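Student: entry21.txt is reproduced below (compact mmCIF, C-alpha atoms).
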# COMPACT_ATOMS: atom_id res chain seq x y z
CA MET D 1 -4.14 25.02 -61.91
CA PHE D 2 -7.83 25.13 -61.05
CA VAL D 3 -7.40 22.13 -58.73
CA LEU D 4 -4.58 23.88 -56.86
CA LEU D 5 -6.63 27.10 -56.59
CA ALA D 6 -9.60 25.18 -55.24
CA LEU D 7 -7.39 23.43 -52.71
CA LEU D 8 -5.92 26.75 -51.51
CA MET D 9 -9.41 28.24 -51.17
CA ALA D 10 -10.53 25.21 -49.14
CA VAL D 11 -7.54 25.46 -46.85
CA SER D 12 -8.15 29.19 -46.37
CA LYS D 13 -11.81 28.57 -45.53
CA SER D 14 -10.81 25.86 -43.05
CA ILE D 15 -8.34 28.18 -41.32
CA ASN D 16 -10.98 30.93 -41.11
CA ASN D 17 -13.44 28.47 -39.59
CA LEU D 18 -10.86 27.35 -37.03
CA ASN D 19 -10.11 30.97 -36.12
CA THR D 20 -13.81 31.73 -35.78
CA THR D 21 -14.26 28.67 -33.55
CA ARG D 22 -11.25 29.64 -31.42
CA ILE D 23 -12.54 33.22 -30.97
CA HIS D 24 -15.98 31.90 -30.07
CA GLN D 25 -14.48 29.51 -27.51
CA GLU D 26 -12.36 32.28 -25.97
CA ASN D 27 -15.37 34.59 -25.75
CA THR D 28 -17.41 31.78 -24.21
CA ILE D 29 -14.71 31.21 -21.56
CA MET D 30 -14.66 34.94 -20.75
CA LEU D 31 -18.44 35.04 -20.52
CA GLY D 32 -18.39 31.84 -18.49
CA ASN D 33 -15.87 33.33 -16.07
CA THR D 34 -18.12 36.35 -15.54
CA LYS D 35 -21.02 34.10 -14.64
CA LEU D 36 -18.81 31.62 -12.83
CA SER D 37 -17.34 34.32 -10.62
CA GLU D 38 -20.66 34.93 -8.88
CA THR D 39 -21.32 31.21 -8.49
CA LEU D 40 -17.89 30.55 -7.00
CA MET D 41 -18.17 33.45 -4.58
CA HIS D 42 -21.32 32.05 -2.99
CA ALA D 43 -20.87 28.29 -3.44
CA TYR D 44 -19.55 27.55 0.07
CA PRO D 45 -19.53 29.20 3.46
CA ARG D 46 -16.70 31.73 3.51
CA ARG D 47 -14.57 32.71 6.47
CA PRO D 48 -12.00 35.42 7.22
CA PHE D 49 -8.51 34.23 6.30
CA ILE D 50 -6.05 37.07 5.69
CA THR D 51 -6.73 39.96 8.08
CA HIS D 52 -3.34 41.58 8.74
CA ASN D 53 -2.70 45.25 7.89
CA GLY D 54 -6.34 46.06 7.32
CA ARG D 55 -6.93 43.33 4.74
CA ASN D 56 -10.15 41.33 4.78
CA VAL D 57 -9.63 38.33 2.51
CA THR D 58 -12.17 35.57 2.95
CA ILE D 59 -11.84 32.02 1.69
CA PRO D 60 -14.29 29.20 0.97
CA VAL D 61 -14.18 26.48 3.60
CA LEU D 62 -13.16 23.77 1.09
CA GLY D 63 -10.03 23.71 -1.05
CA PHE D 64 -8.80 21.54 -3.92
CA PRO D 65 -5.85 19.29 -2.96
CA GLY D 66 -3.26 19.76 -5.70
CA ALA D 67 -1.40 16.71 -4.40
CA SER D 68 -4.12 14.66 -6.07
CA LEU D 69 -2.39 15.35 -9.42
CA ALA D 70 1.01 14.09 -8.25
CA LEU D 71 0.90 10.77 -10.11
CA LEU D 72 -0.07 12.24 -13.50
CA SER D 73 3.48 12.06 -14.84
CA ASN D 74 2.78 11.23 -18.49
CA GLU D 75 2.78 14.64 -20.18
CA GLU D 76 0.99 13.52 -23.35
CA THR D 77 -1.96 11.70 -21.79
CA ASP D 78 -2.20 12.84 -18.18
CA GLN D 79 -2.60 16.56 -18.86
CA THR D 80 -5.98 15.79 -20.40
CA LEU D 81 -6.96 13.95 -17.24
CA ALA D 82 -5.74 16.82 -15.04
CA ASN D 83 -7.71 19.28 -17.17
CA GLU D 84 -10.89 17.30 -16.56
CA HIS D 85 -10.26 17.00 -12.82
CA VAL D 86 -9.82 20.76 -12.52
CA ARG D 87 -12.76 21.53 -14.82
CA HIS D 88 -14.99 19.30 -12.71
CA ALA D 89 -13.76 20.90 -9.49
CA VAL D 90 -14.39 24.44 -10.73
CA GLU D 91 -17.43 24.12 -12.98
CA ASP D 92 -19.32 21.31 -11.22
CA LEU D 93 -18.17 21.48 -7.59
CA HIS D 94 -17.57 25.26 -7.68
CA ILE D 95 -14.26 25.06 -5.81
CA SER D 96 -12.21 28.25 -6.07
CA TYR D 97 -9.34 27.65 -3.61
CA PHE D 98 -6.47 25.53 -4.97
CA ASP D 99 -3.32 24.45 -3.13
CA VAL D 100 -0.20 22.81 -4.57
CA ALA D 101 3.53 22.37 -3.94
CA PRO D 102 6.60 21.39 -5.99
CA GLU D 103 7.10 18.43 -3.65
CA TYR D 104 3.89 16.77 -4.83
CA GLY D 105 5.14 14.28 -7.38
CA ASP D 106 8.51 16.10 -7.51
CA GLY D 107 7.08 18.85 -9.70
CA VAL D 108 4.39 16.83 -11.46
CA ALA D 109 1.34 18.23 -9.63
CA GLN D 110 2.13 21.89 -10.23
CA SER D 111 3.08 21.27 -13.86
CA ARG D 112 -0.32 19.64 -14.43
CA LEU D 113 -2.28 22.18 -12.43
CA GLY D 114 -0.93 25.23 -14.27
CA PRO D 115 -2.34 24.50 -17.73
CA ALA D 116 -5.52 22.99 -16.29
CA LEU D 117 -6.25 26.04 -14.14
CA LYS D 118 -5.39 28.66 -16.75
CA PRO D 119 -8.95 29.17 -18.08
CA TYR D 120 -10.17 29.86 -14.56
CA ARG D 121 -7.17 31.61 -12.98
CA ARG D 122 -8.83 35.02 -12.58
CA ASN D 123 -11.47 33.48 -10.29
CA ILE D 124 -9.17 31.25 -8.25
CA PHE D 125 -7.37 31.74 -4.94
CA LEU D 126 -4.09 29.96 -5.69
CA ALA D 127 -1.67 28.88 -2.97
CA ALA D 128 1.74 27.25 -3.36
CA LYS D 129 4.69 26.32 -1.15
CA THR D 130 8.45 25.86 -0.98
CA MET D 131 10.62 23.60 1.17
CA TYR D 132 13.71 25.66 0.48
CA ARG D 133 14.82 27.60 3.53
CA THR D 134 17.31 30.15 2.17
CA ALA D 135 16.67 33.34 0.21
CA ASN D 136 18.49 32.26 -2.95
CA GLU D 137 17.05 28.75 -3.12
CA SER D 138 13.50 29.84 -2.35
CA GLU D 139 13.67 32.55 -5.01
CA VAL D 140 14.62 29.98 -7.65
CA ASP D 141 11.84 27.70 -6.44
CA LEU D 142 9.29 30.53 -6.55
CA LEU D 143 10.19 31.39 -10.14
CA ASN D 144 9.96 27.72 -11.14
CA THR D 145 6.54 27.45 -9.51
CA LEU D 146 5.22 30.58 -11.22
CA ASP D 147 6.40 29.18 -14.54
CA ALA D 148 4.85 25.76 -13.92
CA LEU D 149 1.55 27.28 -12.79
CA GLU D 150 1.54 29.66 -15.77
CA THR D 151 0.73 32.65 -13.60
CA ASP D 152 2.36 35.96 -12.71
CA HIS D 153 1.37 35.88 -9.04
CA LEU D 154 0.32 33.69 -6.14
CA ASP D 155 -2.44 34.63 -3.74
CA LEU D 156 -0.56 32.82 -0.97
CA TYR D 157 3.00 31.49 -0.78
CA GLN D 158 3.96 29.25 2.12
CA PHE D 159 7.04 27.84 3.84
CA HIS D 160 6.40 24.10 3.56
CA SER D 161 6.65 21.42 6.25
CA ILE D 162 8.26 23.27 9.16
CA SER D 163 9.10 20.90 12.01
CA THR D 164 12.45 21.87 13.57
CA GLU D 165 14.09 24.83 15.27
CA ALA D 166 16.63 24.86 12.45
CA ASP D 167 13.78 25.34 9.95
CA VAL D 168 12.48 28.40 11.79
CA GLU D 169 15.89 29.92 12.47
CA THR D 170 17.07 29.51 8.88
CA ILE D 171 13.86 30.84 7.35
CA LEU D 172 13.67 33.91 9.60
CA GLY D 173 17.41 34.53 9.84
CA GLU D 174 19.83 36.49 7.67
CA ASP D 175 19.64 35.38 4.02
CA GLY D 176 16.65 33.24 4.98
CA ALA D 177 13.65 32.52 2.78
CA ILE D 178 11.65 35.24 4.53
CA GLU D 179 13.69 37.76 2.56
CA THR D 180 12.51 36.28 -0.74
CA PHE D 181 8.91 36.19 0.49
CA GLN D 182 8.90 39.80 1.69
CA LYS D 183 10.55 41.03 -1.51
CA ALA D 184 8.03 39.13 -3.65
CA LYS D 185 5.17 40.49 -1.55
CA ARG D 186 6.39 44.07 -2.04
CA GLN D 187 6.52 43.41 -5.78
CA GLY D 188 3.00 41.98 -5.86
CA ILE D 189 4.24 38.55 -6.96
CA ILE D 190 2.77 37.00 -3.83
CA LYS D 191 -0.18 38.51 -2.00
CA ALA D 192 0.25 36.86 1.40
CA ILE D 193 2.82 34.87 3.39
CA GLY D 194 2.02 31.62 5.16
CA PHE D 195 3.50 28.33 6.27
CA SER D 196 2.65 24.68 6.87
CA ALA D 197 3.96 22.87 9.93
CA HIS D 198 3.70 19.55 11.74
CA SER D 199 5.27 20.65 15.02
CA GLU D 200 3.16 22.64 17.47
CA PRO D 201 6.08 24.54 19.06
CA MET D 202 7.50 25.50 15.65
CA ALA D 203 4.10 26.54 14.34
CA ILE D 204 3.61 28.76 17.36
CA ARG D 205 7.04 30.34 16.84
CA MET D 206 6.13 31.18 13.27
CA ILE D 207 2.78 32.63 14.30
CA GLU D 208 4.33 34.71 17.08
CA SER D 209 6.98 36.10 14.71
CA GLY D 210 4.37 38.48 13.35
CA LEU D 211 5.69 37.86 9.84
CA VAL D 212 3.04 35.45 8.52
CA ASP D 213 -0.58 35.87 7.49
CA THR D 214 -1.64 32.23 7.50
CA CYS D 215 -0.88 28.79 8.94
CA MET D 216 -1.53 25.26 7.70
CA PHE D 217 -1.57 22.70 10.47
CA PRO D 218 -3.04 19.23 11.12
CA ILE D 219 -6.35 19.88 12.85
CA ASN D 220 -7.36 16.24 12.93
CA PHE D 221 -9.76 14.53 15.32
CA ALA D 222 -7.49 11.67 16.38
CA ALA D 223 -4.33 13.82 16.54
CA TYR D 224 -6.18 16.39 18.66
CA ASN D 225 -7.96 14.02 21.03
CA PHE D 226 -5.44 11.17 21.27
CA GLY D 227 -2.18 12.82 20.21
CA GLY D 228 -2.47 16.11 22.06
CA VAL D 229 -1.83 18.18 18.94
CA GLY D 230 -3.68 21.22 17.64
CA GLN D 231 -5.25 23.38 20.33
CA LYS D 232 -2.16 25.45 21.16
CA VAL D 233 -1.74 26.34 17.49
CA LEU D 234 -5.37 27.41 17.22
CA ASP D 235 -5.05 29.52 20.37
CA ALA D 236 -1.94 31.27 19.03
CA ALA D 237 -3.51 31.81 15.61
CA ILE D 238 -6.61 33.41 17.11
CA LYS D 239 -4.52 35.64 19.36
CA HIS D 240 -2.35 36.86 16.46
CA ASN D 241 -5.07 37.02 13.77
CA VAL D 242 -3.50 34.31 11.63
CA GLY D 243 -5.82 32.34 9.36
CA VAL D 244 -5.68 28.54 9.69
CA ILE D 245 -6.09 25.87 7.03
CA ALA D 246 -6.78 22.48 8.61
CA LEU D 247 -4.60 19.74 7.17
CA LYS D 248 -5.29 16.01 7.37
CA SER D 249 -8.89 16.55 8.46
CA GLY D 250 -10.00 13.33 6.75
CA ALA D 251 -7.28 11.10 8.23
CA ARG D 252 -7.94 8.10 10.45
CA GLY D 253 -4.31 7.68 11.46
CA ARG D 254 -0.90 6.45 10.38
CA LEU D 255 -0.30 3.86 7.72
CA ASN D 256 1.40 0.57 8.56
CA SER D 257 2.87 -2.27 6.51
CA GLU D 258 -0.59 -3.71 5.90
CA THR D 259 -2.27 -0.51 4.77
CA GLY D 260 0.63 1.32 3.11
CA ASN D 261 3.46 0.88 0.64
CA ALA D 262 6.98 2.07 1.42
CA VAL D 263 8.04 5.08 -0.66
CA HIS D 264 11.17 4.66 -2.78
CA VAL D 265 13.61 7.49 -2.13
CA PRO D 266 15.80 8.21 -5.18
CA ALA D 267 19.40 9.40 -5.14
CA ALA D 268 18.21 12.92 -5.94
CA PHE D 269 15.05 14.91 -6.58
CA LYS D 270 14.42 17.76 -9.00
CA HIS D 271 12.16 19.88 -6.81
CA ILE D 272 12.72 18.54 -3.30
CA PRO D 273 15.71 19.73 -1.25
CA GLU D 274 18.35 17.33 -0.03
CA TRP D 275 17.44 17.77 3.64
CA LYS D 276 13.95 16.47 2.90
CA ARG D 277 15.28 13.53 0.90
CA LYS D 278 17.44 12.52 3.88
CA GLU D 279 14.49 12.97 6.24
CA MET D 280 12.44 10.58 4.08
CA ILE D 281 15.16 7.98 4.65
CA ASP D 282 15.46 8.61 8.39
CA PHE D 283 11.69 8.73 8.88
CA PRO D 284 10.30 6.45 6.14
CA VAL D 285 7.06 7.54 4.50
CA ARG D 286 4.33 5.21 3.26
CA THR D 287 1.57 5.81 0.77
CA SER D 288 -1.88 4.31 1.01
CA LYS D 289 -2.49 1.09 -0.90
CA VAL D 290 -6.07 2.20 -1.56
CA HIS D 291 -5.40 5.92 -2.14
CA PRO D 292 -1.85 6.13 -3.53
CA THR D 293 -1.69 9.94 -3.43
CA GLU D 294 -2.10 9.81 0.36
CA TRP D 295 0.67 9.33 2.94
CA TYR D 296 -1.79 8.65 5.73
CA GLU D 297 -4.85 6.42 6.12
CA PRO D 298 -7.91 8.35 4.93
CA GLU D 299 -11.32 7.48 6.31
CA ASP D 300 -13.14 5.40 3.69
CA ASN D 301 -16.43 5.27 5.56
CA VAL D 302 -18.24 8.19 3.96
CA GLU D 303 -20.36 9.02 7.00
CA MET D 304 -17.34 9.08 9.30
CA LEU D 305 -15.21 10.96 6.77
CA HIS D 306 -17.80 13.72 6.68
CA LYS D 307 -17.90 13.87 10.47
CA LEU D 308 -14.10 14.20 10.58
CA VAL D 309 -14.17 17.10 8.11
CA LEU D 310 -17.01 18.82 9.94
CA TRP D 311 -15.21 18.40 13.26
CA SER D 312 -12.14 20.19 11.86
CA LEU D 313 -14.22 22.99 10.38
CA ASN D 314 -16.05 23.47 13.67
CA GLN D 315 -12.86 24.18 15.62
CA PRO D 316 -12.60 27.91 16.47
CA GLY D 317 -9.92 29.58 14.39
CA VAL D 318 -10.15 27.25 11.37
CA SER D 319 -10.83 29.04 8.08
CA ALA D 320 -10.90 26.07 5.69
CA VAL D 321 -9.87 22.47 5.15
CA LEU D 322 -7.86 20.73 2.48
CA PRO D 323 -9.53 17.33 2.02
CA PRO D 324 -7.73 14.05 1.31
CA ALA D 325 -5.77 14.11 -1.95
CA SER D 326 -7.89 11.31 -3.35
CA LEU D 327 -10.38 12.76 -5.78
CA ASP D 328 -12.88 9.94 -5.38
CA LEU D 329 -13.55 11.37 -1.89
CA LEU D 330 -13.88 15.01 -2.98
CA ASP D 331 -17.36 15.03 -4.47
CA GLY D 332 -19.05 13.76 -1.32
CA ILE D 333 -17.29 16.34 0.87
CA SER D 334 -18.22 19.06 -1.59
CA ASP D 335 -21.86 17.95 -1.69
CA MET D 336 -21.98 18.14 2.13
CA LEU D 337 -20.79 21.78 2.18
CA ARG D 338 -21.81 23.31 -1.15
CA GLY D 339 -24.81 25.58 -0.96
CA GLU D 340 -24.68 25.87 2.83
CA LYS D 341 -24.59 29.31 4.44
CA LYS D 342 -22.85 27.91 7.53
CA VAL D 343 -20.82 24.78 8.21
CA PRO D 344 -23.15 22.11 9.66
CA ALA D 345 -22.57 21.39 13.34
CA LEU D 346 -21.95 18.06 15.06
CA ASN D 347 -23.95 16.93 18.09
CA GLU D 348 -22.88 15.16 21.27
CA GLY D 349 -23.81 11.79 19.81
CA ASP D 350 -21.51 12.39 16.84
CA ILE D 351 -18.61 13.21 19.15
CA ARG D 352 -19.18 10.12 21.32
CA LEU D 353 -19.27 7.94 18.20
CA MET D 354 -16.03 9.46 16.95
CA MET D 355 -14.29 9.04 20.30
CA ASP D 356 -15.21 5.35 20.31
CA THR D 357 -14.29 4.83 16.66
CA TYR D 358 -10.82 6.37 16.77
CA ALA D 359 -9.74 5.49 20.32
CA ASP D 360 -7.40 2.74 19.11
CA VAL D 361 -5.84 4.38 16.05
CA VAL D 362 -2.27 5.66 15.99
CA PRO D 363 -2.70 9.43 15.39
CA ILE D 364 -1.08 10.71 12.23
CA PHE D 365 0.61 13.38 14.39
CA HIS D 366 1.36 13.34 18.10
CA ASN D 367 3.63 15.00 20.64
CA ARG D 368 5.15 11.84 22.11
CA SER D 369 8.40 11.96 20.12
CA VAL D 370 10.12 13.71 17.22
CA ALA D 371 8.69 11.04 14.92
CA GLY D 372 5.28 12.48 15.70
CA THR D 373 6.07 15.44 13.43
CA LYS D 374 7.55 13.40 10.58
CA THR D 375 4.66 11.53 9.04
CA SER D 376 4.41 13.35 5.73
CA THR D 377 5.12 16.43 3.64
What is this structure when it is put down as structure tokens?
Tutor:
Amino acid sequence: MFVLLALLMAVSKSINNLNTTRIHQENTIMLGNTKLSETLMHAYPRRPFITHNGRNVTIPVLGFPGASLALLSNEETDQTLANEHVRHAVEDLHISYFDVAPEYGDGVAQSRLGPALKPYRRNIFLAAKTMYRTANESEVDLLNTLDALETDHLDLYQFHSISTEADVETILGEDGAIETFQKAKRQGIIKAIGFSAHSEPMAIRMIESGLVDTCMFPINFAAYNFGGVGQKVLDAAIKHNVGVIALKSGARGRLNSETGNAVHVPAAFKHIPEWKRKEMIDFPVRTSKVHPTEWYEPEDNVEMLHKLVLWSLNQPGVSAVLPPASLDLLDGISDMLRGEKKVPALNEGDIRLMMDTYADVVPIFHNRSVAGTKTST
């Protein structure tokens, strides 16, 4: 009897200790967020991003590429790894802009990011995307994303990977995804509407529609200088007060059979629409042999990588960049920008060196053919 009583008292004491520890940890996180909020606000140069209808939302010039979590498919072990990646990004690198999409790992990236980001959500600008073009399908996708990210709202929701006239016409037409976006914005579920695109004409059409706040587009040195892609989008964005996130800033060029592995396309995806699955067959995608979360060739030379990122950030109209989705490259880019009041400039010698270095690469995007808009998601 006395042994049983002693055991019950020990268990009760243990439970009380666990509860005390949990409460202390929760209070520490809340206190940490209060302190962290100030640090995150001033960690990087900030630029205007969402300015429509009297809003003045600024954004840090560097975001966290959620695609970097796409291969963490083992729920039991990989969530711990995702937690550490996000903790490091927020607490050590002081990154407060995160971007993700259901297409990254067919749902894996967003399902890992949600729990990992939860302790910091109140201090994070969180952006997500959908490839679904109709109102009904995009609404289902939005709800799935909110559930995976364990949040009740998104700071930015984006139409993903626009490259054809059919994309634009379906999205903006009757029963198109724009209806879901506008409804969710009225309800406060999403705070702003944006899109990502790989086609200059289609990006310009979206910007000129007057229905979007932001644009994600490849503002990449080689694509701009040797592929003829980028300037018209920047001009339109400036004219219509649309904030621009520069995609693929750290890319050298396209992958080939020597530098990339062919992507296996399954019979069906869970989070990727059928039109995209067919496109991946018609325009085969490769992933980097060195950086398997990348579908282009990132610049591995650290000095040149930093010049590429700085070049993108120095283009008028660009608000921020999403760096390569290979986390072993993130720290160096962060170190280059963190603590700066303004983005460092490049000089004429830097530009000459870059022109010589990338003159022979095949740009990741170009305007020579329809294939030039079909490199990646």
Student: If you measure from CA of Glu165 in chain D to CA of Glu137 in chain D, what distance in Å do you get, rounded to one decimal?
Tutor: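 Atom-to-atom, CA of Glu165 in chain D to CA of Glu137 in chain D, that is 19.0 Å.
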Student: Mind pulling up the distance from CA of His94 in chain D to CA of Val302 in chain D?
Tutor: 20.7 Å
Student: Please produce, as CSV, a per-residue contact table for range 127-187 of chain D versus range 108-119 of chain D (criterion: any atom at most 6 Å away, all atoms listed in the file considered), showing the nearest atom pair and its distance in Å to one decimal, sorted by chain then residue number.
Tutor:
residue,atom,partner,partner_atom,distance
D:Ala148,CA,D:Ser111,CA,4.8
D:Leu149,CA,D:Gly114,CA,3.5
D:Glu150,CA,D:Gly114,CA,5.3
Student: Find the residue from D:Asp78, D:Glu139, D:Glu340, D:Glu348 that sits nearest to Ile189 in chain D; use all atoms listed in the file when measuring.
Tutor: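 Under the stated criterion, the closest residue is D:Glu139.
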Student: Show me, as a list in words, the residues that have an atom within 12 Å of Asp328 in chain D when counting all atoms listed in the file, minus same-chain residues fewer than 4 positions from it.
Tutor: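 Here the answer would be Pro65, Ser68, His85, Ala89, Val290, His291, Pro292, Thr293, Pro298, Asp300, Val302, Pro323, Pro324, Gly332, Ile333 and Ser334 of chain D.
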Student: Just the residues within 6 Å of Asn220 in chain D, please, counting all atoms listed in the file, with nothing from its chain fewer than 4 positions along; format it as an mmCIF file with C-alpha atoms, keeping the file's coordinate frame.
Tutor:
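What landed in result-v9.cif:
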data_model
loop_
_atom_site.group_PDB
_atom_site.id
_atom_site.type_symbol
_atom_site.label_atom_id
_atom_site.label_comp_id
_atom_site.auth_asym_id
_atom_site.auth_seq_id
_atom_site.Cartn_x
_atom_site.Cartn_y
_atom_site.Cartn_z
ATOM 1 C CA TYR D 224 -6.180 16.390 18.660
ATOM 2 C CA LYS D 248 -5.290 16.010 7.370
ATOM 3 C CA SER D 249 -8.890 16.550 8.460
#
Student: Provide the CA of Glu84 in chain D to CA of Asp99 in chain D distance in Å, to one decimal place.
Tutor: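 Atom-to-atom, CA of Glu84 in chain D to CA of Asp99 in chain D, that is 17.0 Å.
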Student: For the point (8.5, 4.9, 0.6) in the file's frame, write as a compact mmCIF listing (two decimals) with C-alpha atoms, in the coordinates of the input all residues with an atom no more than 12 Å away, counting all atoms listed in the file.
Tutor:
# COMPACT_ATOMS: atom_id res chain seq x y z
CA LEU D 255 -0.30 3.86 7.72
CA ASN D 256 1.40 0.57 8.56
CA SER D 257 2.87 -2.27 6.51
CA GLY D 260 0.63 1.32 3.11
CA ASN D 261 3.46 0.88 0.64
CA ALA D 262 6.98 2.07 1.42
CA VAL D 263 8.04 5.08 -0.66
CA HIS D 264 11.17 4.66 -2.78
CA VAL D 265 13.61 7.49 -2.13
CA PRO D 266 15.80 8.21 -5.18
CA ARG D 277 15.28 13.53 0.90
CA GLU D 279 14.49 12.97 6.24
CA MET D 280 12.44 10.58 4.08
CA ILE D 281 15.16 7.98 4.65
CA ASP D 282 15.46 8.61 8.39
CA PHE D 283 11.69 8.73 8.88
CA PRO D 284 10.30 6.45 6.14
CA VAL D 285 7.06 7.54 4.50
CA ARG D 286 4.33 5.21 3.26
CA THR D 287 1.57 5.81 0.77
CA SER D 288 -1.88 4.31 1.01
CA LYS D 289 -2.49 1.09 -0.90
CA PRO D 292 -1.85 6.13 -3.53
CA GLU D 294 -2.10 9.81 0.36
CA TRP D 295 0.67 9.33 2.94
CA THR D 375 4.66 11.53 9.04
CA SER D 376 4.41 13.35 5.73
Student: Using only C-alpha atoms, pick whichever of D:Arg87, D:Asp335, D:Pro363, D:Asp213 has the shortest atom-to-atom distance to Gly228 in chain D.
Tutor: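 Selected residue with least distance to Gly228 in chain D: D:Pro363.
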Student: With all atoms listed in the file as the atoms that count, which of D:Leu156, D:Met336, D:Ala236, D:Ile272 lies nearest to Lys185 in chain D?
Tutor: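 Nearest to Lys185 in chain D: D:Leu156.
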